[in-house]
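To be precise, the following lines are run-v8.csv, and they hold CSV, C-alpha atoms.
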chain,number,residue,atom,x,y,z
A,1,MET,CA,86.9,82.0,128.5
A,2,PRO,CA,84.2,84.7,128.9
A,3,SER,CA,80.6,83.5,128.5
A,4,THR,CA,79.4,86.6,126.6
A,5,ARG,CA,76.5,85.7,124.2
A,6,ALA,CA,77.8,85.6,120.7
A,7,SER,CA,76.5,88.3,118.3
A,8,SER,CA,75.6,87.3,114.7
A,9,THR,CA,75.7,90.9,113.4
A,10,HIS,CA,78.3,92.9,115.3
A,11,PHE,CA,81.9,91.9,115.9
A,12,VAL,CA,85.1,93.5,117.3
A,13,LEU,CA,88.0,93.8,114.9
A,14,ILE,CA,91.6,94.6,116.1
A,15,PRO,CA,94.2,95.3,113.4
A,16,SER,CA,97.6,94.6,114.8
A,17,TYR,CA,101.1,95.3,113.7
A,18,ASN,CA,104.1,94.6,116.1
A,19,PRO,CA,102.1,95.7,119.2
A,20,GLY,CA,104.3,93.9,121.8
A,21,GLU,CA,102.7,92.1,124.7
A,22,LYS,CA,100.0,94.8,125.1
A,23,VAL,CA,97.9,93.1,122.4
A,24,ASP,CA,97.4,90.1,124.7
A,25,GLU,CA,95.8,92.3,127.4
A,26,THR,CA,93.8,94.2,124.7
A,27,VAL,CA,92.4,90.9,123.3
A,28,ARG,CA,91.5,89.6,126.7
A,29,GLY,CA,89.8,92.8,127.6
A,30,ALA,CA,87.8,92.8,124.4
A,31,ARG,CA,86.8,89.2,124.9
A,32,GLU,CA,85.5,89.9,128.4
A,33,GLN,CA,83.1,92.4,126.8
A,34,TRP,CA,82.1,90.8,123.4
A,35,ASN,CA,81.9,87.7,121.3
A,36,PRO,CA,83.2,87.4,118.7
A,37,VAL,CA,86.5,89.2,118.5
A,38,TRP,CA,88.8,89.0,115.5
A,39,VAL,CA,92.4,90.1,115.2
A,40,VAL,CA,94.0,90.7,111.9
A,41,VAL,CA,97.8,90.4,112.3
A,42,ASP,CA,99.2,92.7,109.7
A,43,GLY,CA,102.6,91.1,108.9
A,44,SER,CA,103.9,91.3,112.5
A,45,THR,CA,107.4,90.1,113.2
A,46,ASP,CA,107.4,90.5,117.0
A,47,GLY,CA,106.1,87.0,117.9
A,48,SER,CA,102.6,88.3,118.6
A,49,ALA,CA,101.0,86.3,115.8
A,50,GLU,CA,102.1,83.0,117.4
A,51,ARG,CA,100.8,84.0,120.8
A,52,LEU,CA,97.4,85.1,119.4
A,53,VAL,CA,97.0,82.0,117.3
A,54,LYS,CA,97.6,79.9,120.4
A,55,MET,CA,95.1,82.0,122.3
A,56,ALA,CA,92.5,81.5,119.6
A,57,GLU,CA,92.9,77.7,119.7
A,58,ALA,CA,91.6,77.8,123.3
A,59,ASP,CA,88.8,80.3,122.6
A,60,ASP,CA,86.0,79.8,120.1
A,61,GLY,CA,85.1,83.5,120.4
A,62,LEU,CA,88.4,84.6,119.1
A,63,ARG,CA,89.6,84.4,115.5
A,64,VAL,CA,93.0,85.4,114.2
A,65,ILE,CA,93.8,86.2,110.6
A,66,VAL,CA,97.5,86.4,109.8
A,67,LEU,CA,98.5,88.5,106.7
A,68,PRO,CA,102.0,87.5,105.4
A,69,GLN,CA,103.1,91.1,104.8
A,70,ASN,CA,102.4,94.5,106.4
A,71,ARG,CA,99.8,96.3,104.3
A,72,GLY,CA,98.7,99.0,106.7
A,73,LYS,CA,95.8,99.5,109.1
A,74,GLY,CA,93.1,100.2,106.5
A,75,ALA,CA,94.1,97.1,104.4
A,76,ALA,CA,94.0,94.9,107.5
A,77,ILE,CA,90.5,96.2,108.4
A,78,LEU,CA,89.4,95.6,104.8
A,79,ALA,CA,90.6,92.0,104.9
A,80,GLY,CA,88.7,91.5,108.1
A,81,ILE,CA,85.4,93.0,107.0
A,82,ASP,CA,85.4,91.3,103.7
A,83,GLU,CA,85.7,87.9,105.4
A,84,ALA,CA,83.1,88.9,108.0
A,85,ALA,CA,80.6,90.0,105.4
A,86,LYS,CA,80.7,86.5,103.9
A,87,LEU,CA,79.6,85.2,107.3
A,88,GLY,CA,76.7,87.6,107.6
A,89,PHE,CA,78.1,90.3,109.9
A,90,THR,CA,76.7,93.7,109.3
A,91,HIS,CA,78.7,96.0,111.7
A,92,VAL,CA,82.3,96.1,113.0
A,93,LEU,CA,83.8,97.8,116.0
A,94,THR,CA,87.4,98.7,115.3
A,95,MET,CA,89.9,99.2,118.1
A,96,ASP,CA,93.7,99.5,118.3
A,97,SER,CA,95.8,96.6,119.6
A,98,ASP,CA,98.1,98.7,121.8
A,99,GLY,CA,95.7,99.1,124.8
A,100,GLN,CA,94.9,102.8,124.3
A,101,HIS,CA,91.2,102.2,123.6
A,102,PRO,CA,88.6,101.4,126.3
A,103,ALA,CA,87.4,97.8,126.0
A,104,ALA,CA,85.0,98.5,128.9
A,105,LEU,CA,82.9,100.6,126.4
A,106,ILE,CA,82.6,98.0,123.7
A,107,ARG,CA,79.1,97.0,124.9
A,108,THR,CA,78.0,100.7,125.1
A,109,PHE,CA,79.1,101.3,121.5
A,110,MET,CA,77.6,98.1,120.2
A,111,GLU,CA,74.2,98.8,121.8
A,112,THR,CA,74.3,102.4,120.4
A,113,SER,CA,74.9,100.9,117.0
A,114,MET,CA,72.1,98.4,117.3
A,115,LYS,CA,69.7,101.3,118.1
A,116,ALA,CA,70.9,103.2,115.0
A,117,PRO,CA,72.2,100.6,112.5
A,118,ASP,CA,72.5,103.1,109.6
A,119,ALA,CA,74.9,105.3,111.6
A,120,MET,CA,78.5,105.1,112.5
A,121,ILE,CA,79.3,105.4,116.2
A,122,LEU,CA,82.4,107.5,116.6
A,123,GLY,CA,84.5,107.6,119.8
A,124,ARG,CA,85.2,111.2,120.9
A,125,PRO,CA,88.5,111.0,122.9
A,126,LYS,CA,88.9,112.3,126.4
A,127,PHE,CA,92.6,112.7,127.1
A,128,ASP,CA,94.4,112.4,130.4
A,129,ALA,CA,97.8,113.6,131.4
A,130,SER,CA,99.5,110.7,129.5
A,131,ALA,CA,98.6,112.2,126.2
A,132,PRO,CA,101.4,113.9,124.3
A,133,GLN,CA,100.3,117.6,123.9
A,134,LEU,CA,101.8,117.8,120.4
A,135,ARG,CA,99.5,115.1,119.2
A,136,VAL,CA,96.5,116.5,121.1
A,137,GLN,CA,96.9,119.9,119.6
A,138,GLY,CA,97.9,118.6,116.1
A,139,ARG,CA,94.7,116.5,115.8
A,140,ARG,CA,92.6,119.7,116.0
A,141,ILE,CA,93.9,120.6,112.6
A,142,SER,CA,92.8,117.3,111.1
A,143,ASN,CA,89.4,117.6,112.9
A,144,GLY,CA,89.0,121.1,111.5
A,145,TRP,CA,89.6,120.0,108.0
A,146,ALA,CA,87.3,117.0,108.4
A,147,ASN,CA,84.5,119.1,109.6
A,148,LEU,CA,84.9,121.6,106.7
A,149,GLU,CA,85.1,118.8,104.2
A,150,THR,CA,81.7,117.5,105.4
A,151,LEU,CA,80.1,120.9,106.1
A,152,TRP,CA,80.0,120.2,109.8
A,153,MET,CA,77.9,117.0,109.7
A,154,GLY,CA,79.0,116.3,113.3
A,155,ILE,CA,82.4,114.5,113.3
A,156,GLY,CA,83.5,114.7,116.9
A,157,ASP,CA,87.0,113.4,116.2
A,158,SER,CA,88.4,112.3,112.9
A,159,LEU,CA,91.4,110.3,114.1
A,160,TYR,CA,90.1,108.2,117.1
A,161,GLY,CA,89.8,104.7,115.8
A,162,PHE,CA,87.5,103.3,118.4
A,163,ARG,CA,84.3,103.2,116.3
A,164,VAL,CA,81.5,101.1,115.0
A,165,TYR,CA,81.0,101.1,111.2
A,166,PRO,CA,78.2,99.6,109.1
A,167,ILE,CA,80.2,97.1,107.0
A,168,ALA,CA,78.3,97.4,103.7
A,169,PRO,CA,79.0,101.1,103.0
A,170,LEU,CA,82.5,100.9,104.3
A,171,ALA,CA,83.5,97.9,102.2
A,172,ALA,CA,81.8,99.4,99.1
A,173,LEU,CA,83.7,102.7,99.7
A,174,MET,CA,87.1,101.0,100.1
A,175,HIS,CA,86.6,98.8,97.0
A,176,THR,CA,86.0,101.9,94.8
A,177,GLN,CA,89.4,103.5,95.4
A,178,THR,CA,92.9,102.6,96.5
A,179,PHE,CA,93.5,105.2,99.3
A,180,MET,CA,92.8,104.8,103.1
A,181,ARG,CA,94.9,101.7,103.4
A,182,ARG,CA,97.4,102.9,106.0
A,183,PHE,CA,97.4,105.6,108.8
A,184,ASP,CA,95.0,107.7,106.7
A,185,PHE,CA,92.2,105.1,107.2
A,186,ASP,CA,90.4,106.6,110.1
A,187,PRO,CA,89.9,110.3,109.0
A,188,GLU,CA,89.4,109.4,105.3
A,189,ALA,CA,86.8,106.7,106.1
A,190,VAL,CA,84.7,109.1,108.3
A,191,VAL,CA,84.7,111.9,105.8
A,192,ARG,CA,83.9,109.7,102.8
A,193,LEU,CA,81.1,107.9,104.7
A,194,CYS,CA,79.6,111.2,105.6
A,195,TRP,CA,79.6,112.1,101.9
A,196,ARG,CA,77.7,108.9,101.4
A,197,GLY,CA,75.1,109.9,103.9
A,198,VAL,CA,76.2,107.7,106.9
A,199,ARG,CA,75.5,110.0,109.8
A,200,PRO,CA,77.9,110.1,112.8
A,201,ILE,CA,76.9,109.6,116.4
A,202,ASN,CA,79.6,110.7,118.9
A,203,VAL,CA,80.2,108.9,122.2
A,204,ASP,CA,82.8,110.1,124.7
A,205,ALA,CA,85.6,107.6,125.4
A,206,PRO,CA,88.9,107.8,127.3
A,207,VAL,CA,92.2,107.3,125.6
A,208,ARG,CA,95.3,106.1,127.4
A,209,TYR,CA,98.9,106.6,126.2
A,210,PHE,CA,101.4,104.1,127.6
A,211,THR,CA,105.1,104.8,128.1
A,212,ALA,CA,107.7,102.4,126.8
A,213,GLU,CA,108.2,101.2,130.4
A,214,GLU,CA,104.5,100.3,130.6
A,215,GLY,CA,104.8,98.3,127.4
A,216,GLY,CA,103.5,101.1,125.1
A,217,VAL,CA,104.4,100.8,121.4
A,218,SER,CA,103.8,103.6,118.9
A,219,HIS,CA,104.3,103.4,115.1
A,220,PHE,CA,103.4,107.0,114.6
A,221,HIS,CA,106.1,109.1,112.8
A,222,TYR,CA,105.5,112.8,112.9
A,223,GLY,CA,107.1,113.6,109.6
A,224,ARG,CA,105.9,110.7,107.5
A,225,ASP,CA,102.4,110.4,108.9
A,226,ASN,CA,101.7,114.2,109.0
A,227,ALA,CA,102.8,114.3,105.3
A,228,LEU,CA,100.3,111.4,104.6
A,229,LEU,CA,97.5,113.3,106.4
A,230,THR,CA,98.3,116.5,104.5
A,231,TRP,CA,98.2,114.7,101.2
A,232,MET,CA,94.9,113.0,102.3
A,233,HIS,CA,93.2,116.3,103.2
A,234,MET,CA,94.4,117.8,99.9
A,235,ARG,CA,92.6,115.0,98.1
A,236,LEU,CA,89.5,115.3,100.3
A,237,PHE,CA,89.3,119.0,99.9
A,238,LEU,CA,89.3,118.7,96.1
A,239,GLY,CA,86.6,116.0,96.5
A,240,PHE,CA,84.7,118.4,98.8
A,241,LEU,CA,84.8,121.2,96.3
A,242,ALA,CA,83.4,118.9,93.6
A,243,ARG,CA,80.6,117.9,95.9
A,244,LEU,CA,79.9,121.2,97.5
A,245,PRO,CA,76.7,122.1,95.8
A,246,TRP,CA,75.2,118.7,96.6
A,247,LEU,CA,76.5,118.8,100.2
A,248,ALA,CA,75.2,122.3,100.7
A,249,TRP,CA,71.7,121.3,99.4
A,250,ARG,CA,71.6,118.3,101.6
A,251,ARG,CA,72.6,120.3,104.7
A,252,PHE,CA,70.0,123.0,103.9
A,253,SER,CA,67.3,120.4,103.3
A,254,ALA,CA,68.0,118.7,106.6
A,255,ARG,CA,67.5,121.9,108.5
A,256,ARG,CA,64.1,122.7,106.9

What's the structure tokens form of this structure?
Amino acid sequence: MPSTRASSTHFVLIPSYNPGEKVDETVRGAREQWNPVWVVVDGSTDGSAERLVKMAEADDGLRVIVLPQNRGKGAAILAGIDEAAKLGFTHVLTMDSDGQHPAALIRTFMETSMKAPDAMILGRPKFDASAPQLRVQGRRISNGWANLETLWMGIGDSLYGFRVYPIAPLAALMHTQTFMRRFDFDPEAVVRLCWRGVRPINVDAPVRYFTAEEGGVSHFHYGRDNALLTWMHMRLFLGFLARLPWLAWRRFSARR
């Protein structure tokens, strides 16, 4: 196993739901860059839980938490950070299990976080030819809403889940309301953390979309998930209107 020095403050968290065999490659890539790496298996039924548990038995730097039922990405992340906080971890880097996120940049993101521990480090995706154009163009709508809802605090991308969060404000936020438990986690987390004063730092990162022949697995459903995002931004916009005087004052004060 990799000999990367273990961190007592920053860890990698990979929520995973029926990812196929790509998760094995994802976990190995993460472990080559960081220690520790945790995987939260979110009620998977594809046999990946058994493989990951076996992998963890041979690697002290890997921990696998298996949830009995699928709860959603946000719920899986909350389960992981709640457990990690008990052990003294202060920051979490989240990445998807399907191989789309760049494990080679884990150290860069972690080092950036260590220099600015009060900030959240957001991946700003750089797409290649593998990216479906419908999704590339569609995310611009979500990004536009997210920047409006935060008065342009500097969110480079609202949907890219390769990020480092300070655990304390994220956990406190999630325990105060019942949303952001599924696909809506990434954009809602970044908007609400901005409202709480957690500043974003953007770092460019590539994203890779794999075809089915390459082992790619996607659980994104255009109708269902776009409806979820629309409902989420309706909620956030109402919250933005309620906070607008305070947000405007904070933005004005920051520029003085």

Using only C-alpha atoms, find each residue in segment 44-128 of chain A having at least one atom no more than 6 Å away from segment 190-211 of chain A; report its shortest atom-to-atom pair and that distance in Å (one decimal), rows by chain then rising number, as a tab-separated table.
residue	atom	partner	partner_atom	distance
A:Gln100	CA	A:Arg208	CA	4.5
A:His101	CA	A:Val207	CA	5.6
A:Ala119	CA	A:Arg199	CA	5.1
A:Met120	CA	A:Pro200	CA	5.0
A:Ile121	CA	A:Ile201	CA	4.8
A:Leu122	CA	A:Asn202	CA	4.8
A:Gly123	CA	A:Val203	CA	5.1
A:Arg124	CA	A:Asp204	CA	4.6
A:Pro125	CA	A:Ala205	CA	5.1
A:Lys126	CA	A:Pro206	CA	4.6
A:Phe127	CA	A:Val207	CA	5.6

Would you export the selected residues with C-alpha atoms as an mmCIF file, in the coordinates of the input, please?
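See again.cif below for the written result:
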data_model
loop_
_atom_site.group_PDB
_atom_site.id
_atom_site.type_symbol
_atom_site.label_atom_id
_atom_site.label_comp_id
_atom_site.auth_asym_id
_atom_site.auth_seq_id
_atom_site.Cartn_x
_atom_site.Cartn_y
_atom_site.Cartn_z
ATOM 1 C CA GLN A 100 94.900 102.800 124.300
ATOM 2 C CA HIS A 101 91.200 102.200 123.600
ATOM 3 C CA ALA A 119 74.900 105.300 111.600
ATOM 4 C CA MET A 120 78.500 105.100 112.500
ATOM 5 C CA ILE A 121 79.300 105.400 116.200
ATOM 6 C CA LEU A 122 82.400 107.500 116.600
ATOM 7 C CA GLY A 123 84.500 107.600 119.800
ATOM 8 C CA ARG A 124 85.200 111.200 120.900
ATOM 9 C CA PRO A 125 88.500 111.000 122.900
ATOM 10 C CA LYS A 126 88.900 112.300 126.400
ATOM 11 C CA PHE A 127 92.600 112.700 127.100
#

If we count all atoms listed in the file, what is near Glu25 of chain A at a cut-off of 12 Å, once residues fewer than 2 positions away on the same chain are taken out, given as a PyMOL selection string? chain A and resi 19-23+27-32+48+51-52+55+96-103+215-216

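Considering the residues A:Ala76, A:Val39, A:Thr112, A:Glu149 and counting only C-alpha atoms, Leu241 of chain A has its shortest atom-to-atom contact with A:Glu149.
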
Could you check how far atom CA of Val12 of chain A sits from atom CA of Asp128 of chain A, in Å to one decimal? 24.8 Å

Give me, please, the distance in Å between atom CA of Phe237 of chain A and atom CA of Phe179 of chain A, quoted to one decimal.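 That distance, rounded to one decimal, is 14.4 Å.
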
Contact residues around Asp186 of chain A with all atoms listed in the file at 7 Å, ignoring same-chain residues under 3 positions, as a PyMOL selection string: chain A and resi 158-159+161+189-190

Shortest contact to Arg181 of chain A, candidates A:Gly88, A:Gly61, A:Gly74, A:Pro245, atoms counted all atoms listed in the file, goes to A:Gly74

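If you look at atom CA of Leu87 of chain A and atom CA of Tyr165 of chain A, they are 16.4 Å away from each other.
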
Extract, using all atoms listed in the file, all DNA, RNA and protein residues at most 12 Å from Val64 of chain A, discarding same-chain residues fewer than 6 positions from it, and format them as a PyMOL selection string. chain A and resi 12-16+27+36-42+48-58+76+79-80+83

Write out as a ChimeraX atom specification which residues come within 10 Å of Asp184 of chain A when counting all atoms listed in the file, dropping same-chain ones fewer than 5 positions away. /A:72-74,159,179,189,225-226,228-233

With only C-alpha atoms counted, which protein, DNA or RNA residues have an atom no more than 10 Å from (78.2, 89.2, 121.5) in the file frame? Please answer as a list of chain:residue names.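 Checking each residue against the 10 Å limit leaves A:Ser3, A:Thr4, A:Arg5, A:Ala6, A:Ser7, A:Ser8, A:Thr9, A:His10, A:Phe11, A:Val12, A:Arg31, A:Gln33, A:Trp34, A:Asn35, A:Pro36, A:Val37, A:Gly61, A:Arg107, A:Met110.
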